[in-house]
file upload_35.cif (mmCIF, C-alpha atoms)
data_work
#
loop_
_atom_site.label_atom_id
_atom_site.label_comp_id
_atom_site.auth_asym_id
_atom_site.auth_seq_id
_atom_site.Cartn_x
_atom_site.Cartn_y
_atom_site.Cartn_z
CA MET A 1 138.01 48.44 56.66
CA LYS A 2 137.01 47.44 60.18
CA LYS A 3 138.59 49.21 63.12
CA LEU A 4 139.78 47.53 66.34
CA LEU A 5 140.74 50.01 69.05
CA ILE A 6 142.72 48.94 72.13
CA LEU A 7 142.91 51.37 75.05
CA GLY A 8 146.01 50.76 77.17
CA ALA A 9 149.43 49.41 76.17
CA GLY A 10 150.26 47.67 79.42
CA THR A 11 150.52 43.91 79.84
CA ALA A 12 147.04 42.95 78.59
CA GLY A 13 146.82 45.54 75.81
CA THR A 14 150.27 44.77 74.43
CA MET A 15 149.70 41.01 74.44
CA LEU A 16 146.39 41.42 72.64
CA ALA A 17 147.87 43.77 70.04
CA ASN A 18 150.51 41.16 69.26
CA LYS A 19 148.19 38.16 69.25
CA LEU A 20 145.41 39.79 67.24
CA SER A 21 147.79 41.31 64.68
CA HIS A 22 148.77 37.75 63.75
CA VAL A 23 145.22 36.51 63.15
CA LEU A 24 143.39 39.53 61.71
CA SER A 25 143.88 40.32 58.02
CA ARG A 26 145.72 43.60 57.45
CA ASP A 27 143.59 44.11 54.34
CA GLU A 28 140.40 43.98 56.41
CA TRP A 29 141.38 45.33 59.82
CA LYS A 30 143.09 48.41 61.19
CA ILE A 31 144.37 47.92 64.77
CA THR A 32 145.10 51.02 66.86
CA ILE A 33 146.40 51.10 70.44
CA VAL A 34 146.30 54.22 72.62
CA ASP A 35 148.25 54.87 75.82
CA GLN A 36 149.24 58.07 77.58
CA ASP A 37 152.72 56.82 78.55
CA GLU A 38 155.70 55.84 76.39
CA THR A 39 157.26 53.69 79.14
CA HIS A 40 156.40 50.07 79.86
CA TYR A 41 157.03 48.96 83.44
CA TYR A 42 157.56 45.40 84.57
CA GLN A 43 155.40 45.92 87.63
CA PRO A 44 156.26 42.66 89.45
CA GLY A 45 159.81 44.00 89.56
CA PHE A 46 158.82 46.96 91.75
CA LEU A 47 158.78 44.54 94.69
CA PHE A 48 162.52 43.93 94.38
CA ILE A 49 163.68 47.55 93.98
CA PRO A 50 163.41 48.52 97.70
CA PHE A 51 165.79 45.67 98.59
CA GLY A 52 168.36 46.44 95.90
CA ILE A 53 167.63 43.25 93.93
CA TYR A 54 166.39 45.00 90.77
CA GLY A 55 167.29 48.34 89.24
CA GLU A 56 165.88 50.63 86.55
CA ASN A 57 167.10 48.57 83.59
CA ASP A 58 165.29 45.51 84.91
CA VAL A 59 161.83 47.06 84.99
CA ILE A 60 161.69 49.76 82.28
CA LYS A 61 161.45 49.41 78.50
CA PRO A 62 159.94 51.58 75.71
CA LYS A 63 156.38 50.52 74.94
CA ARG A 64 156.93 50.99 71.21
CA ASP A 65 159.49 48.18 71.23
CA TYR A 66 156.66 45.73 71.93
CA ILE A 67 153.98 47.02 69.55
CA PRO A 68 153.96 44.85 66.40
CA PRO A 69 154.42 46.20 62.87
CA GLY A 70 151.14 47.25 61.30
CA VAL A 71 149.58 48.33 64.60
CA GLU A 72 149.22 52.10 64.99
CA MET A 73 150.31 53.36 68.41
CA ILE A 74 149.07 56.75 69.60
CA VAL A 75 150.53 58.30 72.75
CA SER A 76 147.82 60.44 74.26
CA GLU A 77 145.50 60.92 77.21
CA ILE A 78 142.12 59.29 76.62
CA LYS A 79 139.46 61.90 77.31
CA LEU A 80 136.12 60.14 76.80
CA ILE A 81 134.53 56.95 75.47
CA GLU A 82 131.12 57.31 73.81
CA PRO A 83 129.90 53.72 73.59
CA ASP A 84 126.56 54.61 71.98
CA GLN A 85 128.43 56.34 69.16
CA ASN A 86 131.37 53.90 68.92
CA LEU A 87 133.77 56.79 69.44
CA VAL A 88 136.79 57.53 71.65
CA HIS A 89 138.00 61.09 72.16
CA ILE A 90 141.71 61.61 72.84
CA ALA A 91 143.66 64.71 73.84
CA LYS A 92 146.22 64.55 71.03
CA ASP A 93 145.08 67.02 68.35
CA ASN A 94 141.58 66.67 69.85
CA ARG A 95 141.15 63.60 67.69
CA THR A 96 138.11 61.35 67.65
CA LEU A 97 138.75 57.66 66.99
CA PRO A 98 135.86 55.56 65.65
CA TYR A 99 135.82 51.82 66.28
CA ASP A 100 133.91 48.70 65.35
CA TYR A 101 135.26 46.84 68.38
CA LEU A 102 136.80 48.28 71.52
CA ILE A 103 139.10 46.51 73.99
CA ILE A 104 139.63 48.32 77.29
CA ALA A 105 142.93 47.44 78.95
CA THR A 106 143.55 50.62 80.92
CA GLY A 107 144.57 48.79 84.10
CA THR A 108 144.13 49.73 87.72
CA HIS A 109 146.24 52.26 89.59
CA PRO A 110 147.23 53.21 93.16
CA ARG A 111 145.25 56.18 94.54
CA PRO A 112 146.95 57.09 97.81
CA GLU A 113 145.04 60.40 97.92
CA GLU A 114 141.85 58.38 98.61
CA THR A 115 142.99 57.74 102.22
CA PRO A 116 143.04 60.82 104.49
CA GLY A 117 146.48 61.56 105.91
CA LEU A 118 148.40 59.32 103.54
CA THR A 119 149.82 61.88 101.11
CA ASP A 120 148.68 65.25 102.45
CA THR A 121 151.62 65.74 104.83
CA ASP A 122 155.37 65.95 104.25
CA GLU A 123 155.74 62.41 105.65
CA TRP A 124 154.74 60.90 102.30
CA ARG A 125 157.76 58.95 101.04
CA LYS A 126 159.62 59.71 104.25
CA SER A 127 157.98 57.62 106.99
CA ILE A 128 155.08 56.58 104.71
CA HIS A 129 155.82 54.70 101.49
CA ASP A 130 154.32 52.64 98.70
CA PHE A 131 156.08 50.32 96.27
CA TYR A 132 153.35 49.89 93.64
CA THR A 133 154.88 52.65 91.50
CA TYR A 134 158.42 52.94 90.18
CA GLU A 135 158.94 56.26 91.96
CA GLY A 136 157.58 54.84 95.21
CA ALA A 137 159.80 51.75 95.06
CA VAL A 138 162.91 53.87 94.41
CA ALA A 139 162.07 56.23 97.28
CA LEU A 140 161.53 53.28 99.63
CA ALA A 141 164.88 51.78 98.62
CA LYS A 142 166.56 55.02 99.62
CA THR A 143 164.78 55.03 103.00
CA LEU A 144 165.56 51.39 103.79
CA ARG A 145 169.28 51.83 103.09
CA THR A 146 169.62 54.23 106.03
CA TRP A 147 166.77 53.11 108.30
CA GLU A 148 168.02 52.18 111.76
CA GLY A 149 165.08 50.04 112.85
CA GLY A 150 161.77 50.24 114.65
CA HIS A 151 158.27 49.09 113.79
CA LEU A 152 157.68 48.49 110.08
CA VAL A 153 154.01 48.02 109.20
CA MET A 154 152.91 46.64 105.83
CA ASN A 155 149.23 47.35 105.26
CA VAL A 156 146.57 46.91 102.59
CA MET A 157 144.04 49.74 102.39
CA GLU A 158 141.20 48.18 100.42
CA LEU A 159 140.20 45.37 98.04
CA PRO A 160 140.67 44.72 95.19
CA TYR A 161 144.26 45.62 94.40
CA LYS A 162 146.67 44.36 91.80
CA CYS A 163 149.12 41.56 92.52
CA PRO A 164 147.40 40.36 95.71
CA VAL A 165 150.42 38.40 96.98
CA ALA A 166 152.86 41.33 96.69
CA PRO A 167 152.27 42.72 100.22
CA LEU A 168 153.04 39.30 101.70
CA GLU A 169 156.12 39.04 99.52
CA PHE A 170 157.26 42.44 100.71
CA ILE A 171 157.04 41.53 104.40
CA PHE A 172 158.86 38.22 103.74
CA LEU A 173 161.62 39.99 101.80
CA ALA A 174 161.88 42.63 104.54
CA ASP A 175 162.47 39.86 107.08
CA TRP A 176 165.26 38.47 104.88
CA TYR A 177 166.68 41.94 104.14
CA PHE A 178 167.01 42.89 107.80
CA HIS A 179 168.55 39.52 108.63
CA GLN A 180 171.15 40.14 105.92
CA ARG A 181 171.90 43.54 107.40
CA GLN A 182 172.20 41.93 110.85
CA MET A 183 169.55 44.21 112.32
CA ARG A 184 166.47 41.95 112.40
CA ASP A 185 166.48 42.10 116.20
CA ARG A 186 165.95 45.87 115.93
CA VAL A 187 162.95 45.57 113.62
CA LYS A 188 159.36 44.64 114.47
CA LEU A 189 157.40 43.52 111.41
CA THR A 190 153.59 43.64 111.23
CA PHE A 191 151.30 42.72 108.35
CA VAL A 192 147.89 44.44 108.47
CA THR A 193 145.12 43.28 106.13
CA PRO A 194 141.36 43.75 105.72
CA LEU A 195 141.15 40.03 104.90
CA PRO A 196 140.40 37.39 107.55
CA GLY A 197 143.87 35.88 107.15
CA ALA A 198 147.17 36.18 105.36
CA PHE A 199 146.09 33.28 103.14
CA THR A 200 142.34 33.31 102.65
CA LYS A 201 141.91 30.08 100.68
CA PRO A 202 141.33 27.18 103.15
CA ARG A 203 143.99 24.76 101.88
CA ALA A 204 146.58 27.50 101.50
CA GLY A 205 145.83 28.72 105.01
CA GLN A 206 146.10 25.20 106.37
CA LEU A 207 149.50 24.54 104.79
CA LEU A 208 151.03 28.02 105.02
CA GLY A 209 149.23 29.56 107.97
CA ASN A 210 152.20 29.34 110.35
CA ILE A 211 154.77 30.88 108.04
CA LEU A 212 154.38 34.42 109.43
CA GLU A 213 154.65 33.17 113.01
CA GLU A 214 157.77 31.19 112.11
CA LYS A 215 159.33 34.34 110.69
CA ASN A 216 158.31 36.39 113.76
CA ILE A 217 155.95 38.57 111.72
CA ASN A 218 152.87 39.89 113.50
CA LEU A 219 149.51 39.56 111.75
CA ILE A 220 146.49 41.85 112.19
CA THR A 221 143.42 40.81 110.22
CA GLU A 222 140.07 42.39 109.33
CA PHE A 223 141.52 45.87 109.76
CA TYR A 224 139.74 48.46 107.61
CA PRO A 225 141.80 51.67 107.51
CA GLU A 226 139.96 54.97 107.69
CA ARG A 227 142.90 57.37 107.93
CA VAL A 228 146.58 57.78 108.70
CA ASP A 229 147.76 60.11 111.46
CA ALA A 230 151.16 61.02 110.07
CA VAL A 231 152.06 63.20 113.07
CA GLU A 232 151.41 60.50 115.68
CA LYS A 233 152.49 57.78 113.21
CA GLN A 234 149.31 55.79 113.58
CA LEU A 235 147.18 53.78 111.17
CA VAL A 236 143.55 54.18 112.31
CA SER A 237 140.62 51.95 111.35
CA PHE A 238 136.96 52.87 110.90
CA ASP A 239 136.21 51.39 114.33
CA GLU A 240 139.06 53.42 115.87
CA MET A 241 141.54 50.59 116.24
CA VAL A 242 145.09 51.95 116.13
CA VAL A 243 148.33 50.45 114.83
CA ASP A 244 151.43 52.46 115.69
CA TYR A 245 154.34 52.47 113.24
CA ASP A 246 157.76 53.96 112.68
CA LEU A 247 157.75 53.13 108.98
CA LEU A 248 154.50 52.49 107.11
CA VAL A 249 154.57 50.69 103.77
CA THR A 250 151.11 50.69 102.25
CA VAL A 251 149.15 49.30 99.34
CA PRO A 252 146.91 52.27 98.55
CA VAL A 253 143.34 52.07 97.29
CA ASN A 254 143.43 50.83 93.69
CA MET A 255 141.10 52.29 91.07
CA GLY A 256 140.64 51.96 87.35
CA ALA A 257 141.32 54.77 84.89
CA ASP A 258 139.38 58.02 85.32
CA VAL A 259 138.13 57.85 81.73
CA ILE A 260 136.13 54.73 82.65
CA GLY A 261 134.26 56.69 85.30
CA ARG A 262 133.79 59.73 83.07
CA SER A 263 132.35 57.51 80.36
CA GLY A 264 129.92 55.67 82.64
CA LEU A 265 131.42 52.28 81.81
CA GLY A 266 132.67 51.19 85.23
CA ASP A 267 131.73 50.36 88.80
CA GLU A 268 132.43 52.56 91.83
CA LEU A 269 136.17 51.84 91.49
CA ASN A 270 136.21 52.46 87.72
CA HIS A 271 136.65 48.78 86.88
CA VAL A 272 134.63 47.54 83.91
CA PRO A 273 131.86 44.96 84.61
CA VAL A 274 132.18 42.14 82.08
CA ASP A 275 131.19 38.52 81.67
CA LYS A 276 133.77 36.60 83.67
CA HIS A 277 134.23 33.95 80.97
CA THR A 278 134.23 36.06 77.79
CA PHE A 279 135.19 39.62 78.93
CA LEU A 280 132.20 41.03 77.02
CA HIS A 281 130.78 44.22 78.51
CA GLN A 282 127.50 43.65 80.30
CA GLU A 283 125.70 46.27 78.17
CA TYR A 284 127.62 46.77 74.92
CA HIS A 285 128.08 43.90 72.45
CA ASN A 286 131.27 45.32 70.87
CA ILE A 287 133.20 46.34 74.01
CA PHE A 288 135.51 44.07 75.99
CA ALA A 289 137.71 44.64 79.02
CA LEU A 290 140.75 42.54 79.96
CA GLY A 291 143.56 42.65 82.49
CA ASP A 292 143.33 44.76 85.63
CA ALA A 293 140.71 47.04 84.04
CA ALA A 294 138.11 44.27 84.17
CA ALA A 295 135.92 43.67 87.21
CA LEU A 296 136.46 39.93 87.59
CA PRO A 297 136.14 37.65 90.66
CA THR A 298 139.79 36.65 90.44
CA SER A 299 143.21 38.19 91.05
CA LYS A 300 144.34 41.35 89.32
CA ALA A 301 147.63 39.77 88.27
CA GLY A 302 149.80 39.43 85.19
CA SER A 303 149.11 35.71 84.95
CA VAL A 304 145.37 36.39 84.75
CA ALA A 305 145.96 38.87 81.92
CA HIS A 306 148.08 36.26 80.13
CA PHE A 307 145.59 33.41 80.44
CA ALA A 308 142.71 35.76 79.62
CA ALA A 309 144.41 36.94 76.43
CA GLU A 310 145.03 33.36 75.36
CA THR A 311 141.36 32.41 75.62
CA PHE A 312 140.06 35.73 74.28
CA VAL A 313 141.67 35.61 70.84
CA GLU A 314 139.75 32.56 69.62
CA ASN A 315 136.55 33.90 71.15
CA PHE A 316 137.04 37.27 69.43
CA LEU A 317 137.39 35.50 66.10
CA ARG A 318 134.10 33.74 66.81
CA THR A 319 132.26 36.95 67.58
CA ILE A 320 133.45 38.83 64.46
CA GLU A 321 132.29 35.84 62.40
CA GLY A 322 128.83 36.07 63.94
CA GLN A 323 129.18 33.03 66.20
CA GLN A 324 128.30 32.88 69.88
CA MET A 325 131.23 33.31 72.27
CA LEU A 326 132.18 30.35 74.42
CA PRO A 327 132.64 30.50 78.24
CA ALA A 328 136.35 29.96 77.67
CA PHE A 329 138.12 31.68 80.59
CA ASP A 330 138.03 29.75 83.88
CA GLY A 331 139.64 32.40 86.12
CA HIS A 332 143.06 30.73 85.98
CA ALA A 333 145.72 32.47 88.08
CA ASN A 334 149.27 31.36 88.76
CA CYS A 335 151.58 33.22 91.15
CA PHE A 336 155.05 32.74 92.58
CA ILE A 337 155.30 34.15 96.12
CA GLU A 338 158.77 35.21 97.22
CA SER A 339 159.21 34.04 100.82
CA GLY A 340 162.77 35.25 101.43
CA PHE A 341 166.10 33.54 101.94
CA GLY A 342 166.20 32.44 98.29
CA LYS A 343 162.94 30.50 98.45
CA GLY A 344 159.46 30.88 97.07
CA ILE A 345 155.95 29.41 97.07
CA LEU A 346 153.78 28.71 94.02
CA ILE A 347 149.97 28.82 93.88
CA ASP A 348 147.76 27.81 90.94
CA PHE A 349 143.97 28.16 91.03
CA ASN A 350 140.85 29.33 89.16
CA TYR A 351 137.27 30.44 89.82
CA ASP A 352 136.23 27.05 91.16
CA VAL A 353 139.38 25.35 92.47
CA GLU A 354 141.39 26.76 95.36
CA PRO A 355 145.21 26.50 95.49
CA LEU A 356 146.21 22.88 96.12
CA PRO A 357 149.55 21.19 96.85
CA GLY A 358 151.36 19.21 94.20
CA LYS A 359 153.89 19.59 91.40
CA PHE A 360 153.78 22.03 88.47
CA PRO A 361 153.69 21.99 85.51
CA LEU A 362 154.62 18.31 85.11
CA PRO A 363 152.76 15.89 87.44
CA GLY A 364 155.12 14.27 89.92
CA ILE A 365 158.13 16.02 88.40
CA GLY A 366 157.57 19.75 88.67
CA PRO A 367 160.12 21.24 88.76
CA PHE A 368 158.01 23.67 90.81
CA SER A 369 156.23 22.75 94.07
CA LEU A 370 152.72 24.00 94.81
CA LEU A 371 151.99 25.40 98.29
CA GLN A 372 155.50 24.56 99.45
CA GLU A 373 158.64 26.65 99.92
CA SER A 374 161.48 25.74 97.58
CA GLU A 375 164.55 27.28 95.97
CA MET A 376 163.25 26.26 92.55
CA ASN A 377 160.12 28.36 93.10
CA HIS A 378 162.36 31.34 93.83
CA TRP A 379 164.23 30.84 90.58
CA GLY A 380 160.93 30.47 88.74
CA LYS A 381 160.00 33.92 89.98
CA MET A 382 163.35 35.38 88.94
CA MET A 383 163.31 33.71 85.50
CA PHE A 384 159.86 35.06 84.77
CA ARG A 385 161.21 38.57 84.10
CA TRP A 386 163.09 37.30 81.03
CA MET A 387 160.01 35.40 79.86
CA TYR A 388 157.87 38.51 80.35
CA TRP A 389 160.00 40.75 78.14
CA ASN A 390 160.89 38.15 75.51
CA ILE A 391 157.86 35.86 75.25
CA LEU A 392 154.76 37.03 77.10
CA LEU A 393 154.52 40.65 75.89
CA LYS A 394 155.29 39.63 72.32
CA GLY A 395 152.31 37.31 72.27
CA LYS A 396 154.34 34.15 71.87
CA GLU A 397 153.21 30.80 73.22
CA MET A 398 154.05 30.08 76.85
CA PRO A 399 154.64 26.52 78.12
CA ILE A 400 151.59 26.74 80.42
CA THR A 401 147.99 26.01 79.43
CA SER A 402 145.53 28.87 79.71
CA GLN A 403 142.96 26.53 81.27
CA MET A 404 143.87 25.34 84.73
CA THR A 405 144.60 21.62 84.93
CA MET A 406 144.24 19.29 87.90
CA ALA A 407 147.22 17.24 86.69
CA GLY A 408 149.88 17.12 89.42
CA LYS A 409 147.61 18.51 92.13
CA TRP A 410 146.81 16.63 95.30
CA ARG A 411 143.39 16.93 96.91
#

call {"tool": "encode", "arguments": {"input": "upload_35.cif", "output": "structure tokens"}}
result
Amino acid sequence: MKKLLILGAGTAGTMLANKLSHVLSRDEWKITIVDQDETHYYQPGFLFIPFGIYGENDVIKPKRDYIPPGVEMIVSEIKLIEPDQNLVHIAKDNRTLPYDYLIIATGTHPRPEETPGLTDTDEWRKSIHDFYTYEGAVALAKTLRTWEGGHLVMNVMELPYKCPVAPLEFIFLADWYFHQRQMRDRVKLTFVTPLPGAFTKPRAGQLLGNILEEKNINLITEFYPERVDAVEKQLVSFDEMVVDYDLLVTVPVNMGADVIGRSGLGDELNHVPVDKHTFLHQEYHNIFALGDAAALPTSKAGSVAHFAAETFVENFLRTIEGQQMLPAFDGHANCFIESGFGKGILIDFNYDVEPLPGKFPLPGIGPFSLLQESEMNHWGKMMFRWMYWNILLKGKEMPITSQMTMAGKWR
């Protein structure tokens, strides 16, 4: 019997376990998935927790509820991958798991300890917060409920990081939140990014470039943080530029799982170098990486994991049958951006085509508008949570093609 081993039961790993369990014969294949955590988090929901929009029941479910029958799930730390031996060592009972094919879906994770001054004082989760973890989002919600105003700085430490639009969404929702509390005049909002603009794609920048100015949100670009001075409440760049804050909300450095580094399978940030169209490891013919674990020139976002999984299944069937894999994945990403006040923006793009205006998914009809604020886009974002738990994770078909289409887009 052939053995397929999936490391990571997050979004990508769970989708693949479901999809592949439907197409691989149980008489010929044993599928095993390993993850060190029993809890599945709806990570896009962390954004809404600080503002009281979502609570625990909206973002937390047991992982086992989404693992299909016939797939073995092991809850354990992953100690080491030996790719030359086709073996994975796990902490549980010091077991060794052999595989014929390995799929790495171990994600990427915030590493606030990588930035000096961020977590090594008692200001962490007092005047310095993150919202990329459940615990961080809950702590920030508690702080915001009693915060009396001042300078709130939202900053990105380093690229790449998962859900690239989330920091923008946070600053937009903060603007809305403080308006609702009738204290916006007591709050200065600043968005600090290492990128050259809030929207780096030319057409998106052209159409949306004034949105921060319209909302009275300051923008500081090409700022590369070196450290945080928690005593003086300053964010300091490598070239000694300083941004003062009263409340710092940060996107920490993101890195892949430690086991990737220990096993010599990743880059300097522990993300796995793979072919950007097939997800095949650059050195090993039976190892693949999908989702945030993969080093791809596109967004680390749930939509990318979804579209990647869709294209991967057919390609995996080709490779186990001895056929050449096709360059099937085009880098398709699709993201709703919450812009506050019950509105949102939608972007849809891939490796070769930048976000363009238009209607999605039906040309001329929508109901969603690309690169334009609308209430329908907001509801698309809110409805996605139900689709995530009930359709996406379970490997069911979504009403969106995995390949990006130009239908409905305006050049």

call {"tool": "resolve_selection", "arguments": {"input": "upload_35.cif", "expression": "the PyMOL selection byres ((chain A and resi 145-160) around 8)", "output": "PyMOL selection string"}}
result
chain A and resi 141-144+161-162+167+170-171+183+186-194+224-225+244-254+300

call {"tool": "write_last_selection", "arguments": {"input": "upload_35.cif", "atoms": "C-alpha atoms", "output": "CSV table (one decimal), in the frame of the given file"}}
result
chain,number,residue,atom,x,y,z
A,141,ALA,CA,164.9,51.8,98.6
A,142,LYS,CA,166.6,55.0,99.6
A,143,THR,CA,164.8,55.0,103.0
A,144,LEU,CA,165.6,51.4,103.8
A,161,TYR,CA,144.3,45.6,94.4
A,162,LYS,CA,146.7,44.4,91.8
A,167,PRO,CA,152.3,42.7,100.2
A,170,PHE,CA,157.3,42.4,100.7
A,171,ILE,CA,157.0,41.5,104.4
A,183,MET,CA,169.6,44.2,112.3
A,186,ARG,CA,166.0,45.9,115.9
A,187,VAL,CA,163.0,45.6,113.6
A,188,LYS,CA,159.4,44.6,114.5
A,189,LEU,CA,157.4,43.5,111.4
A,190,THR,CA,153.6,43.6,111.2
A,191,PHE,CA,151.3,42.7,108.4
A,192,VAL,CA,147.9,44.4,108.5
A,193,THR,CA,145.1,43.3,106.1
A,194,PRO,CA,141.4,43.8,105.7
A,224,TYR,CA,139.7,48.5,107.6
A,225,PRO,CA,141.8,51.7,107.5
A,244,ASP,CA,151.4,52.5,115.7
A,245,TYR,CA,154.3,52.5,113.2
A,246,ASP,CA,157.8,54.0,112.7
A,247,LEU,CA,157.8,53.1,109.0
A,248,LEU,CA,154.5,52.5,107.1
A,249,VAL,CA,154.6,50.7,103.8
A,250,THR,CA,151.1,50.7,102.2
A,251,VAL,CA,149.2,49.3,99.3
A,252,PRO,CA,146.9,52.3,98.6
A,253,VAL,CA,143.3,52.1,97.3
A,254,ASN,CA,143.4,50.8,93.7
A,300,LYS,CA,144.3,41.4,89.3

call {"tool": "resolve_selection", "arguments": {"input": "upload_35.cif", "expression": "the PyMOL selection byres ((chain A and resi 108-117) around 7)", "output": "MDAnalysis selection string"}}
result
chainID A and resid 106:107 118:121 132 226:230 252:257 292:293

call {"tool": "resolve_selection", "arguments": {"input": "upload_35.cif", "expression": "the PyMOL selection byres ((chain A and resi 82-93) around 12)", "output": "ChimeraX atom specification"}}
result
/A:3-7,32-36,74-81,94-104,259-265,281,283-288

call {"tool": "atom_distance", "arguments": {"input": "upload_35.cif", "atom1": "atom CA of Lys19 of chain A", "atom2": "atom CA of Cys335 of chain A"}}
result
22.7 Å

call {"tool": "closest_residue", "arguments": {"input": "upload_35.cif", "among": "A:Met398, A:Ala407, A:Leu47, A:Leu208", "to": "Ile365 of chain A", "atoms": "all atoms listed in the file"}}
result
A:Ala407

call {"tool": "atom_distance", "arguments": {"input": "upload_35.cif", "atom1": "atom CA of Phe307 of chain A", "atom2": "atom CA of Pro50 of chain A"}}
result
29.0 Å

call {"tool": "closest_residue", "arguments": {"input": "upload_35.cif", "among": "A:Ile217, A:Asp275, A:Trp29, A:Lys233", "to": "Glu123 of chain A", "atoms": "only C-alpha atoms"}}
result
A:Lys233

call {"tool": "residues_around", "arguments": {"input": "upload_35.cif", "residues": "segment 68-73 of chain A", "least_positions_apart": "4", "cutoff": "9 Å", "atoms": "only C-alpha atoms", "output": "NGL selection string"}}
result
:A and (9 or 14 or 17-18 or 21 or 26 or 30-35 or 64 or 394)

call {"tool": "decode", "arguments": {"input": "upload_35.cif", "residues": "segment 348-365 of chain A", "atoms": "N, CA and C atoms", "output": "compact mmCIF listing (two decimals), in the first residue's frame"}}
result
# COMPACT_ATOMS: atom_id res chain seq x y z
N ASP A 348 -8.80 40.73 -7.60
CA ASP A 348 -8.67 39.41 -8.22
C ASP A 348 -7.50 39.49 -9.19
N PHE A 349 -6.48 38.64 -9.02
CA PHE A 349 -5.28 38.77 -9.83
C PHE A 349 -4.53 37.44 -9.85
N ASN A 350 -3.46 37.37 -10.66
CA ASN A 350 -2.60 36.18 -10.67
C ASN A 350 -1.15 36.59 -10.91
N TYR A 351 -0.31 35.63 -11.26
CA TYR A 351 1.11 35.94 -11.46
C TYR A 351 1.32 37.03 -12.50
N ASP A 352 0.51 37.03 -13.55
CA ASP A 352 0.78 37.87 -14.71
C ASP A 352 -0.16 39.06 -14.85
N VAL A 353 -1.32 39.01 -14.21
CA VAL A 353 -2.33 40.06 -14.38
C VAL A 353 -2.58 40.74 -13.04
N GLU A 354 -2.37 42.07 -13.01
CA GLU A 354 -2.60 42.82 -11.79
C GLU A 354 -4.10 42.99 -11.53
N PRO A 355 -4.49 43.38 -10.31
CA PRO A 355 -5.91 43.65 -10.05
C PRO A 355 -6.46 44.70 -11.02
N LEU A 356 -7.61 44.41 -11.58
CA LEU A 356 -8.27 45.30 -12.54
C LEU A 356 -9.69 45.58 -12.08
N PRO A 357 -10.28 46.70 -12.51
CA PRO A 357 -11.68 46.97 -12.18
C PRO A 357 -12.61 46.08 -13.00
N GLY A 358 -13.86 46.01 -12.56
CA GLY A 358 -14.83 45.22 -13.29
C GLY A 358 -15.88 44.65 -12.36
N LYS A 359 -16.52 43.58 -12.81
CA LYS A 359 -17.54 42.88 -12.04
C LYS A 359 -17.13 41.42 -11.86
N PHE A 360 -17.53 40.82 -10.73
CA PHE A 360 -17.10 39.47 -10.39
C PHE A 360 -18.22 38.76 -9.63
N PRO A 361 -18.47 37.48 -9.85
CA PRO A 361 -17.83 36.63 -10.85
C PRO A 361 -18.50 36.67 -12.22
N LEU A 362 -19.71 37.27 -12.30
CA LEU A 362 -20.43 37.31 -13.56
C LEU A 362 -20.16 38.62 -14.30
N PRO A 363 -19.66 38.58 -15.52
CA PRO A 363 -19.36 39.81 -16.27
C PRO A 363 -20.57 40.72 -16.39
N GLY A 364 -20.38 41.98 -16.02
CA GLY A 364 -21.44 42.98 -16.13
C GLY A 364 -22.50 42.90 -15.06
N ILE A 365 -22.53 41.81 -14.31
CA ILE A 365 -23.58 41.60 -13.30
C ILE A 365 -23.03 41.60 -11.89
